[in-house]
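Enquirer: My questions all concern the structure below.
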Amino acid sequence: MDGIDTLKARYLAAISAAYDEASIEEVRLAALGKKGEISLKMRDLGQMDPAQRQVAGAMLNLLKDEIDAALRAKKMALGDAALDERLRAEWLDVTLPARPRPRGTIHPVSQVMEELTAIFADMGFAVAEGPQVESDWYNFDALNIPPEHPARQEHDTFFMHRAPGDTRPPHVLRTHTSPVQIRALMAQGAPIRVIAPGRVYRMDMDQTHTPMFHQVEGLAIDRTISMANLKWVLEEFCRAYFEVDKVELRFRASHFPFTEPSAEVDIRYSNVGGQLRIGEGDNWMEILGSGMVHPKVLKAAGVDPDQWQGFAFGMGIDRIAMLKYGIPDLRAFFEADLRWLRHYGFSALDVPDLAGGLSG
Ligand code: PHE
């Protein structure tokens with residue numbers, strides 16, 4: 001049997017050699033566990049005579065306490081070392097950006113949709129949506145464009161396929177977002193203030209036309225809404241959107257089947273060396289169509305035109321994106337060219353809002 005001192009030296013050495021929680025636990029079990037060396041010796045005390053037991057018992061207890069204390073101290077030291085190690089390894093430079101700069105960018109059309117949603121929301125307009133494959137009735141009839149109306153040809157409509165023998169008028173790819181005003185009116189009734197941004201389709205392709213493009217429709221119906229309200233809303237919108245103090249709009253009498261009276265709206269701008277400036281100069285650019293919603297349209301949507309009236313407008317989103325961000329060719333919008341997107345795209349972290357600045 002090893003003497004107490006030998007035992008003590010051996011276990012203290014083992015403790016100091018332990019390098020992690022598991023090896024400490026191994027030493028503890030070997031010494032003080034149920035079948036540990038020191039525990040067994042304590043059990044042997046029972047067979048000794050009383051005088052011997054007193055001396056040996058005291059020494060063993062002392063040894064047990066010492067080993068126990070050494071184990072605890074080592075455990076704590078290892079814990080501290082582990083913590084130090086973690087603190088060293090998991091060190092973080094809090095001055096680094098929280099995320100790596102995202103590689104993707106927000107497309108100018110999405111950016112402009114966010115911008116105009118923020119502006120119109122501030123004026124109390126909700127966002128309405130509708131399907132891109134639209135029925136003939138919503139896209140034309142309800143908007144006072146009957147089948148024989150020339151506007152149907154002007155819109156260069158894409159027609160959907162019908163099963164052979166099906167004589168109903170084919171669905172169309174919506175040629176404007178105006179059908180959404182019908183849907184919104186039918187769903188909500190008057191009073192109402194909505195904008196409807198989205199994709200529209202017409203068979204057309206050149207530097208300023210693509211077969212798919214984007215429009216935002218605006219609709220405000222109440223008891224006494226007039227052209228004056230329309231003018232204010234559009235001017236307010238243009239000031240906020242183009243981020244200039246002064247804008248000048250020109251209302252030109254026009255014709256749309258769904259509004260009476262109707263006006264096309266031009267904005268004053270200058271073009272000096274390819275630099276477009278809104279609100280100054282001698283040039284005018286058409287940016288939207290508008291007017292007072294035709295009584296027949298209100299009636300088709302189930303709204304009593306003797307009680308309610310209001311304005312609608314439709315604006316090309318791509319067009320105003322090109323104007324604001326100096327993008328020369330519309331076709332590039334839809335070519336998914338990464339170099340173009342990196343140049344004209346916006347950071348996903350700059351969400352447009354009126355207080356924080358629209359275009360970041
Ligand atoms: N829907 C028209 C177009 O696409 C635009 C418009 C909307 C005009 C609402 C007047 C009122 O040409």
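Please note that chains go A, B, ... in the order of the structure tokens, that every chain numbers its residues from 1, and that ligands are numbered from 1 in the order shown.
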Might you pull out every residue within 6 Å of range 151-163 of chain A, with only C-alpha atoms counted and same-chain residues fewer than 5 positions away left off, and present them as a list in words?
Expert: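 These residues fall inside the cut-off: Pro170, His171, Val172, Leu173, Arg202 and Met203 of chain A.
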Enquirer: Please identify every polymer residue within 6 Å of ligand 1, using only C-alpha atoms and all ligand atoms, and present the set as a list in words.
Expert: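 The residues near ligand 1 are His176, Ser178, Glu217, Gly289, Ser290, Gly291, Ala312, Phe313 and Gly314 of chain A.
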Enquirer: Please save all heavy atoms of the selected residues as a PDB file, in the first residue's frame.
Expert:
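This went into part_0.pdb:
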```pdb
ATOM      1  N   HIS A 176     -53.034  48.226 -69.175  1.00  0.00           N
ATOM      2  CA  HIS A 176     -52.794  49.337 -68.254  1.00  0.00           C
ATOM      3  C   HIS A 176     -53.192  48.868 -66.854  1.00  0.00           C
ATOM      4  O   HIS A 176     -53.740  47.776 -66.692  1.00  0.00           O
ATOM      5  CB  HIS A 176     -53.559  50.607 -68.663  1.00  0.00           C
ATOM      6  CG  HIS A 176     -55.016  50.400 -68.991  1.00  0.00           C
ATOM      7  ND1 HIS A 176     -55.842  51.403 -69.418  1.00  0.00           N
ATOM      8  CD2 HIS A 176     -55.801  49.285 -68.947  1.00  0.00           C
ATOM      9  CE1 HIS A 176     -57.058  50.923 -69.632  1.00  0.00           C
ATOM     10  NE2 HIS A 176     -57.060  49.645 -69.352  1.00  0.00           N
ATOM     11  N   SER A 178     -55.301  50.462 -65.064  1.00  0.00           N
ATOM     12  CA  SER A 178     -56.640  50.987 -64.766  1.00  0.00           C
ATOM     13  C   SER A 178     -57.648  49.924 -64.313  1.00  0.00           C
ATOM     14  O   SER A 178     -58.530  50.231 -63.517  1.00  0.00           O
ATOM     15  CB  SER A 178     -57.171  51.766 -65.967  1.00  0.00           C
ATOM     16  OG  SER A 178     -56.294  52.826 -66.280  1.00  0.00           O
ATOM     17  N   GLU A 217     -51.274  53.442 -61.326  1.00  0.00           N
ATOM     18  CA  GLU A 217     -52.586  54.076 -61.454  1.00  0.00           C
ATOM     19  C   GLU A 217     -52.887  54.738 -60.113  1.00  0.00           C
ATOM     20  O   GLU A 217     -52.562  54.190 -59.065  1.00  0.00           O
ATOM     21  CB  GLU A 217     -53.636  52.988 -61.732  1.00  0.00           C
ATOM     22  CG  GLU A 217     -55.049  53.486 -61.865  1.00  0.00           C
ATOM     23  CD  GLU A 217     -55.379  53.855 -63.315  1.00  0.00           C
ATOM     24  OE1 GLU A 217     -54.499  53.741 -64.175  1.00  0.00           O
ATOM     25  OE2 GLU A 217     -56.519  54.263 -63.576  1.00  0.00           O
ATOM     26  N   GLY A 289     -51.205  60.454 -67.858  1.00  0.00           N
ATOM     27  CA  GLY A 289     -52.564  60.761 -68.301  1.00  0.00           C
ATOM     28  C   GLY A 289     -53.445  60.814 -67.071  1.00  0.00           C
ATOM     29  O   GLY A 289     -53.198  60.112 -66.087  1.00  0.00           O
ATOM     30  N   SER A 290     -54.497  61.651 -67.144  1.00  0.00           N
ATOM     31  CA  SER A 290     -55.314  61.809 -65.943  1.00  0.00           C
ATOM     32  C   SER A 290     -56.686  62.368 -66.306  1.00  0.00           C
ATOM     33  O   SER A 290     -56.949  62.682 -67.467  1.00  0.00           O
ATOM     34  CB  SER A 290     -54.626  62.777 -64.983  1.00  0.00           C
ATOM     35  OG  SER A 290     -54.574  64.060 -65.573  1.00  0.00           O
ATOM     36  N   GLY A 291     -57.517  62.499 -65.308  1.00  0.00           N
ATOM     37  CA  GLY A 291     -58.817  63.122 -65.525  1.00  0.00           C
ATOM     38  C   GLY A 291     -59.785  62.776 -64.412  1.00  0.00           C
ATOM     39  O   GLY A 291     -59.424  62.093 -63.452  1.00  0.00           O
ATOM     40  N   ALA A 312     -58.560  60.127 -61.519  1.00  0.00           N
ATOM     41  CA  ALA A 312     -57.659  58.984 -61.717  1.00  0.00           C
ATOM     42  C   ALA A 312     -56.496  59.477 -62.561  1.00  0.00           C
ATOM     43  O   ALA A 312     -56.625  60.445 -63.312  1.00  0.00           O
ATOM     44  CB  ALA A 312     -58.376  57.845 -62.424  1.00  0.00           C
ATOM     45  N   PHE A 313     -55.359  58.838 -62.385  1.00  0.00           N
ATOM     46  CA  PHE A 313     -54.239  59.147 -63.266  1.00  0.00           C
ATOM     47  C   PHE A 313     -53.439  57.874 -63.491  1.00  0.00           C
ATOM     48  O   PHE A 313     -53.531  56.918 -62.708  1.00  0.00           O
ATOM     49  CB  PHE A 313     -53.335  60.249 -62.689  1.00  0.00           C
ATOM     50  CG  PHE A 313     -52.717  59.895 -61.363  1.00  0.00           C
ATOM     51  CD1 PHE A 313     -51.536  59.184 -61.303  1.00  0.00           C
ATOM     52  CD2 PHE A 313     -53.331  60.272 -60.173  1.00  0.00           C
ATOM     53  CE1 PHE A 313     -50.972  58.857 -60.080  1.00  0.00           C
ATOM     54  CE2 PHE A 313     -52.780  59.945 -58.953  1.00  0.00           C
ATOM     55  CZ  PHE A 313     -51.587  59.234 -58.898  1.00  0.00           C
ATOM     56  N   GLY A 314     -52.716  57.848 -64.590  1.00  0.00           N
ATOM     57  CA  GLY A 314     -51.860  56.704 -64.879  1.00  0.00           C
ATOM     58  C   GLY A 314     -50.514  57.203 -65.356  1.00  0.00           C
ATOM     59  O   GLY A 314     -50.427  58.081 -66.209  1.00  0.00           O
TER      60      GLY A 314
END
```
Enquirer: Go through range 304-323 of chain A residue by residue and, counting only C-alpha atoms, keep those with an atom at most 12 Å from range 332-350 of chain A; for each kept residue give the shortest atom pair and its distance in Å to one decimal, ordered by chain and increasing number, as CSV.
Expert:
```
residue,atom,partner,partner_atom,distance
A:Ile317,CA,A:Phe333,CA,11.5
A:Asp318,CA,A:Phe333,CA,8.2
A:Arg319,CA,A:Phe333,CA,10.8
A:Ala321,CA,A:Phe333,CA,10.0
A:Met322,CA,A:Phe333,CA,9.5
```
Enquirer: Print the selection's residues with all heavy atoms to a file, as a compact mmCIF listing (two decimals), in the first residue's frame.
Expert:
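Output file part-v6.txt is given in full below:
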```
# COMPACT_ATOMS: atom_id res chain seq x y z
N ILE A 317 -43.98 54.15 -64.85
CA ILE A 317 -42.95 54.10 -63.81
C ILE A 317 -41.55 54.09 -64.42
O ILE A 317 -40.64 54.78 -63.95
CB ILE A 317 -43.16 52.85 -62.92
CG1 ILE A 317 -44.46 53.01 -62.12
CG2 ILE A 317 -41.98 52.62 -61.98
CD1 ILE A 317 -44.78 51.84 -61.22
N ASP A 318 -41.38 53.32 -65.49
CA ASP A 318 -40.07 53.24 -66.13
C ASP A 318 -39.63 54.62 -66.63
O ASP A 318 -38.48 55.01 -66.49
CB ASP A 318 -40.12 52.25 -67.29
CG ASP A 318 -40.94 51.03 -66.94
OD1 ASP A 318 -42.18 51.10 -67.08
OD2 ASP A 318 -40.37 50.04 -66.49
N ARG A 319 -40.62 55.33 -67.19
CA ARG A 319 -40.35 56.66 -67.74
C ARG A 319 -39.84 57.60 -66.64
O ARG A 319 -38.84 58.28 -66.81
CB ARG A 319 -41.65 57.20 -68.36
CG ARG A 319 -41.73 58.66 -68.66
CD ARG A 319 -41.05 59.06 -69.94
NE ARG A 319 -41.57 58.39 -71.12
CZ ARG A 319 -42.43 58.93 -71.98
NH1 ARG A 319 -42.88 60.14 -71.77
NH2 ARG A 319 -42.80 58.26 -73.03
N ALA A 321 -38.54 56.73 -63.84
CA ALA A 321 -37.26 56.22 -63.33
C ALA A 321 -36.12 56.69 -64.23
O ALA A 321 -35.07 57.13 -63.76
CB ALA A 321 -37.27 54.69 -63.26
N MET A 322 -36.35 56.64 -65.55
CA MET A 322 -35.33 57.10 -66.50
C MET A 322 -35.04 58.58 -66.28
O MET A 322 -33.89 59.01 -66.28
CB MET A 322 -35.83 56.89 -67.95
CG MET A 322 -35.88 55.43 -68.36
SD MET A 322 -36.79 55.19 -69.90
CE MET A 322 -35.59 55.71 -71.12
```
Enquirer: If we count only C-alpha atoms, what is near range 229-236 of chain A at a cut-off of 12 Å, once residues fewer than 2 positions away on the same chain are taken out, given as a PyMOL selection string?
Expert: chain A and resi 116+119-125+193+218-222+224-227+238-251+262-268+279+287-293+309-315
Enquirer: Store the residues picked out above in a file with C-alpha atoms, as a PDB file, in the first residue's frame.
Expert:
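Final file, part_19.pdb:
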```pdb
ATOM      1  CA  LEU A 116     -43.763  56.429 -55.002  1.00  0.00           C
ATOM      2  CA  ILE A 119     -44.934  59.406 -51.199  1.00  0.00           C
ATOM      3  CA  PHE A 120     -48.539  58.431 -51.908  1.00  0.00           C
ATOM      4  CA  ALA A 121     -48.876  56.611 -48.584  1.00  0.00           C
ATOM      5  CA  ASP A 122     -48.009  59.913 -46.945  1.00  0.00           C
ATOM      6  CA  MET A 123     -50.977  61.464 -48.784  1.00  0.00           C
ATOM      7  CA  GLY A 124     -53.320  58.709 -47.604  1.00  0.00           C
ATOM      8  CA  PHE A 125     -53.236  56.391 -50.618  1.00  0.00           C
ATOM      9  CA  ARG A 193     -57.772  56.507 -52.237  1.00  0.00           C
ATOM     10  CA  GLY A 218     -53.935  56.559 -58.906  1.00  0.00           C
ATOM     11  CA  LEU A 219     -57.565  56.832 -57.864  1.00  0.00           C
ATOM     12  CA  ALA A 220     -59.272  59.159 -55.400  1.00  0.00           C
ATOM     13  CA  ILE A 221     -63.059  59.119 -55.060  1.00  0.00           C
ATOM     14  CA  ASP A 222     -65.045  61.112 -52.520  1.00  0.00           C
ATOM     15  CA  THR A 224     -66.303  66.723 -53.741  1.00  0.00           C
ATOM     16  CA  ILE A 225     -62.954  65.749 -55.249  1.00  0.00           C
ATOM     17  CA  SER A 226     -62.064  67.939 -58.232  1.00  0.00           C
ATOM     18  CA  MET A 227     -59.359  68.568 -60.838  1.00  0.00           C
ATOM     19  CA  CYS A 238     -43.436  65.426 -58.387  1.00  0.00           C
ATOM     20  CA  ARG A 239     -41.770  67.688 -55.809  1.00  0.00           C
ATOM     21  CA  ALA A 240     -41.249  64.763 -53.459  1.00  0.00           C
ATOM     22  CA  TYR A 241     -40.290  62.268 -56.138  1.00  0.00           C
ATOM     23  CA  PHE A 242     -37.818  64.429 -58.046  1.00  0.00           C
ATOM     24  CA  GLU A 243     -36.546  65.847 -54.756  1.00  0.00           C
ATOM     25  CA  VAL A 244     -36.707  69.447 -55.964  1.00  0.00           C
ATOM     26  CA  ASP A 245     -38.469  72.457 -54.413  1.00  0.00           C
ATOM     27  CA  LYS A 246     -39.973  73.738 -57.610  1.00  0.00           C
ATOM     28  CA  VAL A 247     -41.781  71.761 -60.263  1.00  0.00           C
ATOM     29  CA  GLU A 248     -44.013  73.015 -63.010  1.00  0.00           C
ATOM     30  CA  LEU A 249     -46.721  70.885 -64.561  1.00  0.00           C
ATOM     31  CA  ARG A 250     -48.695  71.627 -67.688  1.00  0.00           C
ATOM     32  CA  PHE A 251     -52.171  70.144 -68.101  1.00  0.00           C
ATOM     33  CA  SER A 262     -59.143  64.279 -69.386  1.00  0.00           C
ATOM     34  CA  ALA A 263     -55.706  65.803 -69.318  1.00  0.00           C
ATOM     35  CA  GLU A 264     -52.218  64.736 -70.209  1.00  0.00           C
ATOM     36  CA  VAL A 265     -49.633  66.190 -67.892  1.00  0.00           C
ATOM     37  CA  ASP A 266     -46.195  67.438 -68.921  1.00  0.00           C
ATOM     38  CA  ILE A 267     -43.332  68.410 -66.643  1.00  0.00           C
ATOM     39  CA  ARG A 268     -40.891  71.259 -67.312  1.00  0.00           C
ATOM     40  CA  GLY A 279     -38.469  72.224 -62.838  1.00  0.00           C
ATOM     41  CA  ILE A 287     -45.329  61.982 -67.813  1.00  0.00           C
ATOM     42  CA  LEU A 288     -48.920  60.903 -67.294  1.00  0.00           C
ATOM     43  CA  GLY A 289     -52.564  60.761 -68.301  1.00  0.00           C
ATOM     44  CA  SER A 290     -55.314  61.809 -65.943  1.00  0.00           C
ATOM     45  CA  GLY A 291     -58.817  63.122 -65.525  1.00  0.00           C
ATOM     46  CA  MET A 292     -62.079  62.937 -63.613  1.00  0.00           C
ATOM     47  CA  VAL A 293     -63.367  59.388 -63.492  1.00  0.00           C
ATOM     48  CA  GLN A 309     -66.735  61.736 -57.944  1.00  0.00           C
ATOM     49  CA  GLY A 310     -62.993  61.870 -58.197  1.00  0.00           C
ATOM     50  CA  PHE A 311     -59.859  61.689 -60.249  1.00  0.00           C
ATOM     51  CA  ALA A 312     -57.659  58.984 -61.717  1.00  0.00           C
ATOM     52  CA  PHE A 313     -54.239  59.147 -63.266  1.00  0.00           C
ATOM     53  CA  GLY A 314     -51.860  56.704 -64.879  1.00  0.00           C
ATOM     54  CA  MET A 315     -48.126  57.195 -65.001  1.00  0.00           C
TER      55      MET A 315
END
```
Enquirer: From the options A:Leu87, A:Leu60, A:Arg28, A:Ala190, which residue's atoms come nearest to Ile15 in chain A, counting only C-alpha atoms?
Expert: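 Smallest distance to Ile15 in chain A is found for A:Arg28.
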Enquirer: Could you please determine the separation between CA of Ile195 in chain A and CA of Met113 in chain A in Å, to one decimal place?
Expert: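 Straight-line distance from CA of Ile195 in chain A to CA of Met113 in chain A works out to 10.6 Å.
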Enquirer: Just the strand (DSSP E) stuff from range 288-327 of chain A, please, per backbone DSSP, written as a PyMOL selection string.
Expert: chain A and resi 288-293+309-316
Enquirer: Neighbours of range 182-184 of chain A within 12 Å (only C-alpha atoms; same-chain residues fewer than 4 positions away dropped), as a VMD selection string?
Expert: chain A and resid 126 to 131 134 to 135 137 to 144 177 to 178 188 to 196 217 to 221 258 293 to 294 296 to 303 312
Enquirer: Taking the chain letters and numbering used in this document, name the residues of range 88-318 of chain A that DSSP puts in alpha helix (DSSP H), as a PyMOL selection string.
Expert: chain A and resi 88-89+108-122+136-139+151-154+179-188+227-242+295-300+317-318
Enquirer: With only C-alpha atoms as the basis for distance, which of A:Ile320, A:Val200, A:Met42, A:Met285 is at the shortest distance from Val55 in chain A?
Expert: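 Closest to Val55 in chain A of all the choices is A:Met42.
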